[in-house]
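Pasting start.cif here (mmCIF, C-alpha atoms and all ligand atoms):
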```
data_model
#
loop_
_atom_site.group_PDB
_atom_site.id
_atom_site.type_symbol
_atom_site.label_atom_id
_atom_site.label_comp_id
_atom_site.auth_asym_id
_atom_site.auth_seq_id
_atom_site.Cartn_x
_atom_site.Cartn_y
_atom_site.Cartn_z
ATOM 1 C CA MET A 1 -151.407 15.548 31.515
ATOM 2 C CA HIS A 2 -150.908 19.291 31.588
ATOM 3 C CA GLU A 3 -149.110 20.999 28.730
ATOM 4 C CA LYS A 4 -146.430 21.977 31.208
ATOM 5 C CA PRO A 5 -146.115 18.956 33.519
ATOM 6 C CA ILE A 6 -146.876 19.554 37.198
ATOM 7 C CA ILE A 7 -144.441 17.756 39.482
ATOM 8 C CA GLY A 8 -145.754 17.267 43.009
ATOM 9 C CA VAL A 9 -143.380 16.875 45.937
ATOM 10 C CA LEU A 10 -144.861 15.027 48.925
ATOM 11 C CA ALA A 11 -144.720 17.637 51.667
ATOM 12 C CA LEU A 12 -145.184 15.694 54.905
ATOM 13 C CA GLN A 13 -141.583 15.920 56.070
ATOM 14 C CA GLY A 14 -138.109 16.346 54.604
ATOM 15 C CA CYS A 15 -136.546 18.385 51.823
ATOM 16 C CA VAL A 16 -139.349 19.804 49.673
ATOM 17 C CA ASP A 17 -138.870 23.435 48.560
ATOM 18 C CA ARG A 18 -135.341 23.003 47.241
ATOM 19 C CA HIS A 19 -136.838 21.040 44.308
ATOM 20 C CA ARG A 20 -138.661 24.060 42.950
ATOM 21 C CA PRO A 21 -135.812 25.753 41.015
ATOM 22 C CA HIS A 22 -134.673 22.413 39.545
ATOM 23 C CA ILE A 23 -138.185 21.469 38.426
ATOM 24 C CA GLU A 24 -138.812 24.909 36.946
ATOM 25 C CA ALA A 25 -135.441 24.952 35.148
ATOM 26 C CA ALA A 26 -136.293 21.517 33.702
ATOM 27 C CA GLY A 27 -139.446 23.044 32.159
ATOM 28 C CA ALA A 28 -142.122 21.821 34.589
ATOM 29 C CA SER A 29 -144.152 23.341 37.445
ATOM 30 C CA PHE A 30 -143.521 22.617 41.126
ATOM 31 C CA CYS A 31 -146.300 21.878 43.592
ATOM 32 C CA ALA A 32 -145.951 20.808 47.247
ATOM 33 C CA VAL A 33 -148.686 18.220 47.924
ATOM 34 C CA LYS A 34 -150.114 16.567 51.021
ATOM 35 C CA THR A 35 -153.813 15.845 50.434
ATOM 36 C CA PRO A 36 -155.514 13.280 48.135
ATOM 37 C CA LYS A 37 -157.042 16.155 46.156
ATOM 38 C CA GLU A 38 -153.614 17.679 45.578
ATOM 39 C CA PHE A 39 -152.239 14.265 44.552
ATOM 40 C CA GLU A 40 -154.851 14.060 41.792
ATOM 41 C CA ALA A 41 -153.794 17.399 40.334
ATOM 42 C CA VAL A 42 -150.160 16.469 39.627
ATOM 43 C CA ASP A 43 -148.651 14.553 36.691
ATOM 44 C CA ALA A 44 -145.816 12.952 38.686
ATOM 45 C CA LEU A 45 -144.694 12.705 42.301
ATOM 46 C CA ILE A 46 -141.387 13.076 44.126
ATOM 47 C CA LEU A 47 -141.016 11.304 47.482
ATOM 48 C CA PRO A 48 -138.352 13.542 48.994
ATOM 49 C CA GLY A 49 -135.426 12.832 51.268
ATOM 50 C CA GLY A 50 -136.002 13.073 55.010
ATOM 51 C CA GLU A 51 -136.714 10.270 57.476
ATOM 52 C CA SER A 52 -138.540 7.282 56.063
ATOM 53 C CA THR A 53 -139.882 6.159 59.470
ATOM 54 C CA THR A 54 -141.366 9.612 60.139
ATOM 55 C CA MET A 55 -142.899 9.703 56.667
ATOM 56 C CA LEU A 56 -144.464 6.260 57.186
ATOM 57 C CA LYS A 57 -145.971 7.440 60.495
ATOM 58 C CA LEU A 58 -147.393 10.587 58.914
ATOM 59 C CA ILE A 59 -148.777 8.638 55.923
ATOM 60 C CA ASP A 60 -150.568 6.400 58.416
ATOM 61 C CA THR A 61 -151.740 9.240 60.696
ATOM 62 C CA PHE A 62 -153.255 11.212 57.811
ATOM 63 C CA GLY A 63 -154.771 8.145 56.095
ATOM 64 C CA LEU A 64 -152.719 8.721 52.940
ATOM 65 C CA GLU A 65 -151.706 5.151 52.150
ATOM 66 C CA GLU A 66 -154.574 4.326 49.765
ATOM 67 C CA PRO A 67 -154.520 7.730 47.996
ATOM 68 C CA LEU A 68 -150.749 7.397 47.545
ATOM 69 C CA LYS A 69 -151.090 3.854 46.184
ATOM 70 C CA LYS A 70 -153.445 5.269 43.534
ATOM 71 C CA VAL A 71 -150.769 7.795 42.519
ATOM 72 C CA PHE A 72 -148.076 5.102 42.497
ATOM 73 C CA ALA A 73 -150.168 2.929 40.153
ATOM 74 C CA ALA A 74 -150.794 5.712 37.670
ATOM 75 C CA LYS A 75 -147.958 8.244 37.616
ATOM 76 C CA PRO A 76 -144.168 8.521 37.461
ATOM 77 C CA VAL A 77 -142.647 8.494 40.942
ATOM 78 C CA TRP A 78 -139.118 9.459 42.010
ATOM 79 C CA GLY A 79 -137.918 8.538 45.480
ATOM 80 C CA ILE A 80 -134.941 10.385 46.933
ATOM 81 C CA CYS A 81 -132.973 8.865 49.810
ATOM 82 C CA ALA A 82 -135.751 8.264 52.406
ATOM 83 C CA GLY A 83 -138.182 8.306 49.450
ATOM 84 C CA SER A 84 -136.165 5.597 47.695
ATOM 85 C CA ILE A 85 -136.420 3.490 50.870
ATOM 86 C CA LEU A 86 -140.226 3.806 50.681
ATOM 87 C CA MET A 87 -140.111 2.564 47.052
ATOM 88 C CA ALA A 88 -137.984 -0.543 47.717
ATOM 89 C CA ASP A 89 -139.415 -4.004 48.086
ATOM 90 C CA LYS A 90 -137.127 -4.943 50.992
ATOM 91 C CA VAL A 91 -135.655 -2.709 53.694
ATOM 92 C CA SER A 92 -133.141 -3.647 56.396
ATOM 93 C CA ASN A 93 -131.468 -1.955 59.393
ATOM 94 C CA PRO A 94 -134.113 -2.253 60.693
ATOM 95 C CA ILE A 95 -136.712 -4.075 58.608
ATOM 96 C CA GLN A 96 -139.591 -1.711 57.891
ATOM 97 C CA LYS A 97 -142.641 -1.357 55.727
ATOM 98 C CA SER A 98 -142.242 -0.159 52.138
ATOM 99 C CA PHE A 99 -144.392 0.154 49.025
ATOM 100 C CA SER A 100 -142.560 -2.304 46.717
ATOM 101 C CA LEU A 101 -142.566 -0.070 43.660
ATOM 102 C CA MET A 102 -139.087 -1.208 42.606
ATOM 103 C CA PRO A 103 -137.464 -4.650 43.009
ATOM 104 C CA ILE A 104 -134.526 -3.368 45.043
ATOM 105 C CA THR A 105 -133.241 -4.099 48.553
ATOM 106 C CA MET A 106 -132.105 -1.193 50.712
ATOM 107 C CA GLU A 107 -130.041 -1.006 53.845
ATOM 108 C CA ARG A 108 -130.938 2.135 55.763
ATOM 109 C CA ASN A 109 -128.021 4.339 56.838
ATOM 110 C CA GLY A 110 -125.806 1.858 54.985
ATOM 111 C CA TYR A 111 -122.851 4.269 54.707
ATOM 112 C CA GLY A 112 -122.792 4.762 58.475
ATOM 113 C CA ARG A 113 -123.841 7.595 60.754
ATOM 114 C CA GLN A 114 -124.092 11.330 60.062
ATOM 115 C CA LEU A 115 -120.279 11.659 60.008
ATOM 116 C CA GLU A 116 -120.280 9.481 56.895
ATOM 117 C CA SER A 117 -122.542 11.927 55.041
ATOM 118 C CA HIS A 118 -120.631 13.325 52.069
ATOM 119 C CA ASN A 119 -120.836 15.016 48.711
ATOM 120 C CA ALA A 120 -119.797 13.210 45.539
ATOM 121 C CA VAL A 121 -119.915 13.773 41.806
ATOM 122 C CA VAL A 122 -122.444 11.554 40.023
ATOM 123 C CA GLU A 123 -122.813 11.884 36.243
ATOM 124 C CA GLY A 124 -120.764 15.081 36.348
ATOM 125 C CA PHE A 125 -123.028 16.702 38.966
ATOM 126 C CA GLU A 126 -122.283 17.269 42.649
ATOM 127 C CA VAL A 127 -124.822 15.538 44.911
ATOM 128 C CA SER A 128 -125.201 14.913 48.650
ATOM 129 C CA PHE A 129 -125.388 11.551 50.394
ATOM 130 C CA ILE A 130 -127.042 12.314 53.752
ATOM 131 C CA ARG A 131 -127.412 9.293 56.044
ATOM 132 C CA ALA A 132 -128.094 7.571 52.764
ATOM 133 C CA PRO A 133 -129.247 3.998 52.224
ATOM 134 C CA VAL A 134 -127.065 1.489 50.376
ATOM 135 C CA VAL A 135 -128.639 -0.514 47.564
ATOM 136 C CA LYS A 136 -127.871 -4.140 48.459
ATOM 137 C CA ALA A 137 -129.628 -5.996 45.649
ATOM 138 C CA VAL A 138 -131.200 -5.058 42.332
ATOM 139 C CA ASN A 139 -133.457 -7.195 40.190
ATOM 140 C CA ASP A 140 -132.494 -7.698 36.508
ATOM 141 C CA ASN A 141 -135.189 -5.464 35.087
ATOM 142 C CA VAL A 142 -133.943 -2.414 36.978
ATOM 143 C CA GLU A 143 -131.764 -0.081 34.947
ATOM 144 C CA ILE A 144 -128.750 1.288 36.820
ATOM 145 C CA LEU A 145 -128.302 4.877 35.617
ATOM 146 C CA ALA A 146 -125.265 5.580 37.834
ATOM 147 C CA SER A 147 -123.091 3.924 40.457
ATOM 148 C CA HIS A 148 -120.810 5.448 43.087
ATOM 149 C CA GLU A 149 -117.977 3.476 44.698
ATOM 150 C CA GLY A 150 -119.331 0.338 43.007
ATOM 151 C CA VAL A 151 -122.831 0.730 44.471
ATOM 152 C CA PRO A 152 -125.868 1.612 42.320
ATOM 153 C CA VAL A 153 -127.139 5.047 43.377
ATOM 154 C CA TRP A 154 -129.473 6.093 40.526
ATOM 155 C CA LEU A 155 -131.967 3.525 39.296
ATOM 156 C CA ARG A 156 -134.969 3.307 37.058
ATOM 157 C CA SER A 157 -137.611 0.720 36.311
ATOM 158 C CA GLY A 158 -140.569 1.684 34.139
ATOM 159 C CA GLN A 159 -142.295 4.768 35.538
ATOM 160 C CA TYR A 160 -140.225 4.648 38.745
ATOM 161 C CA MET A 161 -136.890 6.280 39.497
ATOM 162 C CA ALA A 162 -134.803 6.229 42.679
ATOM 163 C CA THR A 163 -131.689 8.076 43.837
ATOM 164 C CA THR A 164 -130.042 7.327 47.164
ATOM 165 C CA PHE A 165 -128.559 10.852 47.135
ATOM 166 C CA HIS A 166 -130.007 14.379 47.154
ATOM 167 C CA PRO A 167 -129.367 16.308 43.911
ATOM 168 C CA GLU A 168 -131.686 19.193 44.875
ATOM 169 C CA LEU A 169 -129.300 20.788 47.391
ATOM 170 C CA THR A 170 -126.846 21.767 44.647
ATOM 171 C CA LEU A 171 -127.451 25.310 43.394
ATOM 172 C CA ASP A 172 -126.956 24.530 39.712
ATOM 173 C CA TYR A 173 -130.297 24.197 37.942
ATOM 174 C CA PRO A 174 -131.594 21.832 36.722
ATOM 175 C CA SER A 175 -129.839 18.712 37.985
ATOM 176 C CA PRO A 176 -129.497 15.936 35.378
ATOM 177 C CA MET A 177 -131.750 13.813 37.612
ATOM 178 C CA HIS A 178 -134.571 16.394 37.556
ATOM 179 C CA GLN A 179 -134.142 16.638 33.790
ATOM 180 C CA VAL A 180 -134.483 12.880 33.335
ATOM 181 C CA PHE A 181 -137.510 12.724 35.654
ATOM 182 C CA VAL A 182 -139.334 15.569 33.920
ATOM 183 C CA GLY A 183 -138.579 13.746 30.647
ATOM 184 C CA MET A 184 -140.331 10.620 32.016
ATOM 185 C CA VAL A 185 -143.594 12.529 32.445
ATOM 186 C CA GLY A 186 -146.064 12.360 29.595
HETATM 187 N N1 LIG B 1 -131.556 7.881 56.981
HETATM 188 C C1 LIG B 1 -132.841 8.235 56.440
HETATM 189 C C2 LIG B 1 -133.810 7.044 56.502
HETATM 190 O O1 LIG B 1 -133.403 5.933 56.738
HETATM 191 C C3 LIG B 1 -132.738 8.754 55.015
HETATM 192 C C4 LIG B 1 -131.929 10.044 54.979
HETATM 193 C C5 LIG B 1 -132.284 10.979 53.856
HETATM 194 O O2 LIG B 1 -133.346 10.899 53.259
HETATM 195 N N2 LIG B 1 -131.387 11.909 53.596
HETATM 196 O O3 LIG B 1 -134.961 7.224 56.314
#
```

Translate this file's structure into structure tokens.
Ligand code: GLN
Amino acid sequence: MHEKPIIGVLALQGCVDRHRPHIEAAGASFCAVKTPKEFEAVDALILPGGESTTMLKLIDTFGLEEPLKKVFAAKPVWGICAGSILMADKVSNPIQKSFSLMPITMERNGYGRQLESHNAVVEGFEVSFIRAPVVKAVNDNVEILASHEGVPVWLRSGQYMATTFHPELTLDYPSPMHQVFVGMVG
């Protein structure tokens, strides 16, 4: 653990750089990571929003599955939107592979198509739901940190955190979600 935690953001695809000001305002350092060596150098990892299918393909193409599993076993991980889909233990619409870090079931694009993308206020902070998944089932030992329209949207279990929305697009630093995640490190 570094004195100032280093938060890595998996930089294969999706929304990476917009995390930097939030992470820095929360008192940590930002690092975009895509190689096993870079994974080792960070204290925690964000799986960003983007397209979960594309990320899975790139993880496979670059042989990153085993190195990522090592990170998942040892460090705090936060999955955002597509990243939260990768963390679930069941995924529908369609069924696809995931890493089962959290006992949650996700329906991809569960709010509908791009037209259904919207902003909303969660825990007093404006966030963006972009072709977001809907959490369909949550195991008892998962803590629901926030819900929106009756659906859990911010969840935590142990060293893992998931949000089905993007907080990093809002230009008000740091987001409460980045603050909580940086607080989980160390
Ligand atoms: N719809 C995307 C997926 O299923 C997630 C969208 C996002 O991350 N904003 O992977």

For this session: Determine the residue set returned by the PyMOL selection byres (((chain A and resi 75-77) around 10) and not hetatm) for the present structure, and present it as a count of residues only.
Result: 32

Problem set entry | Residue members of the PyMOL selection byres (((not hetatm)) within 9 of (chain B and resi 1)) in the file shown, as a ChimeraX atom specification | /A:14-15,48-55,80-86,93,107-110,113-114,117,128-133,164-166

Can I get the selected residues back with C-alpha atoms, as a short mmCIF file (atom, residue, chain, number, x, y, z; two decimals), in the coordinates of the input?
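Written output follows (again-v4.cif):
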```
data_model
loop_
_atom_site.label_atom_id
_atom_site.label_comp_id
_atom_site.auth_asym_id
_atom_site.auth_seq_id
_atom_site.Cartn_x
_atom_site.Cartn_y
_atom_site.Cartn_z
CA GLY A 14 -138.11 16.35 54.60
CA CYS A 15 -136.55 18.39 51.82
CA PRO A 48 -138.35 13.54 48.99
CA GLY A 49 -135.43 12.83 51.27
CA GLY A 50 -136.00 13.07 55.01
CA GLU A 51 -136.71 10.27 57.48
CA SER A 52 -138.54 7.28 56.06
CA THR A 53 -139.88 6.16 59.47
CA THR A 54 -141.37 9.61 60.14
CA MET A 55 -142.90 9.70 56.67
CA ILE A 80 -134.94 10.38 46.93
CA CYS A 81 -132.97 8.86 49.81
CA ALA A 82 -135.75 8.26 52.41
CA GLY A 83 -138.18 8.31 49.45
CA SER A 84 -136.16 5.60 47.70
CA ILE A 85 -136.42 3.49 50.87
CA LEU A 86 -140.23 3.81 50.68
CA ASN A 93 -131.47 -1.96 59.39
CA GLU A 107 -130.04 -1.01 53.84
CA ARG A 108 -130.94 2.13 55.76
CA ASN A 109 -128.02 4.34 56.84
CA GLY A 110 -125.81 1.86 54.98
CA ARG A 113 -123.84 7.60 60.75
CA GLN A 114 -124.09 11.33 60.06
CA SER A 117 -122.54 11.93 55.04
CA SER A 128 -125.20 14.91 48.65
CA PHE A 129 -125.39 11.55 50.39
CA ILE A 130 -127.04 12.31 53.75
CA ARG A 131 -127.41 9.29 56.04
CA ALA A 132 -128.09 7.57 52.76
CA PRO A 133 -129.25 4.00 52.22
CA THR A 164 -130.04 7.33 47.16
CA PHE A 165 -128.56 10.85 47.14
CA HIS A 166 -130.01 14.38 47.15
#
```

For this session: Taking the file above as input, evaluate the PyMOL selection byres (((chain A and resi 19) around 9) and not hetatm) and report the hits as a list in words.
Result: Val9, Cys15, Val16, Asp17, Arg18, Arg20, Pro21, His22, Ile23, Glu24, Phe30, Pro48, Pro167, Glu168, Leu169 and His178 of chain A

Exercise. Restricting the calculation to only C-alpha atoms, which member of A:Leu12, A:Pro103, A:Val180, A:Val121 is positioned closest to Thr61 of chain A?
Worked result: A:Leu12

Problem set entry | Atom pair atom CA of Thr35 of chain A / atom CA of Leu64 of chain A: separation (Å) | 7.6 Å

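Put simply, atom CA of Tyr173 of chain A is 14.5 Å away from atom CA of Glu123 of chain A.
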
Exercise. For Ala26 of chain A, which residue out of A:Lys4, A:Asp60, A:Glu66, A:Phe125 is the nearest one, using only C-alpha atoms?
Worked result: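 Looking at the shortest contact to Ala26 of chain A, the residue is A:Lys4.
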
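Between Lys97 of chain A and the candidates A:Val33, A:Ile59, A:Ala120, A:Ala137, the tightest atom-to-atom separation, counting all atoms listed in the file, involves A:Ile59.
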
Exercise. In Å, with one decimal, what is the gap from atom CA of Glu143 of chain A to atom CA of Asn119 of chain A?
Worked result: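 For atom CA of Glu143 of chain A relative to atom CA of Asn119 of chain A, the distance reads 23.2 Å.
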
Exercise. Counting only C-alpha atoms, what is within 10 Å of Pro152 of chain A, bar same-chain residues fewer than 5 positions away, as a list in words?
Worked result: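 That gives Val134, Val135, Lys136, Ala137, Val138, Glu143, Ile144, Leu145, Ala146, Ser147, Thr163 and Thr164 of chain A.
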
With all atoms listed in the file as the counted atoms, please give the residues lying no more than 8 Å from Ser157 of chain A, apart from itself and same-chain residues fewer than 6 positions off, as a PDB file with C-alpha atoms, keeping the file's coordinate frame.
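To be explicit, this is the file written out as out15.pdb:
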```pdb
ATOM      1  CA  MET A 102    -139.087  -1.208  42.606  1.00  0.00           C
ATOM      2  CA  ASN A 141    -135.189  -5.464  35.087  1.00  0.00           C
ATOM      3  CA  VAL A 142    -133.943  -2.414  36.978  1.00  0.00           C
ATOM      4  CA  GLU A 143    -131.764  -0.081  34.947  1.00  0.00           C
TER       5      GLU A 143
END
```
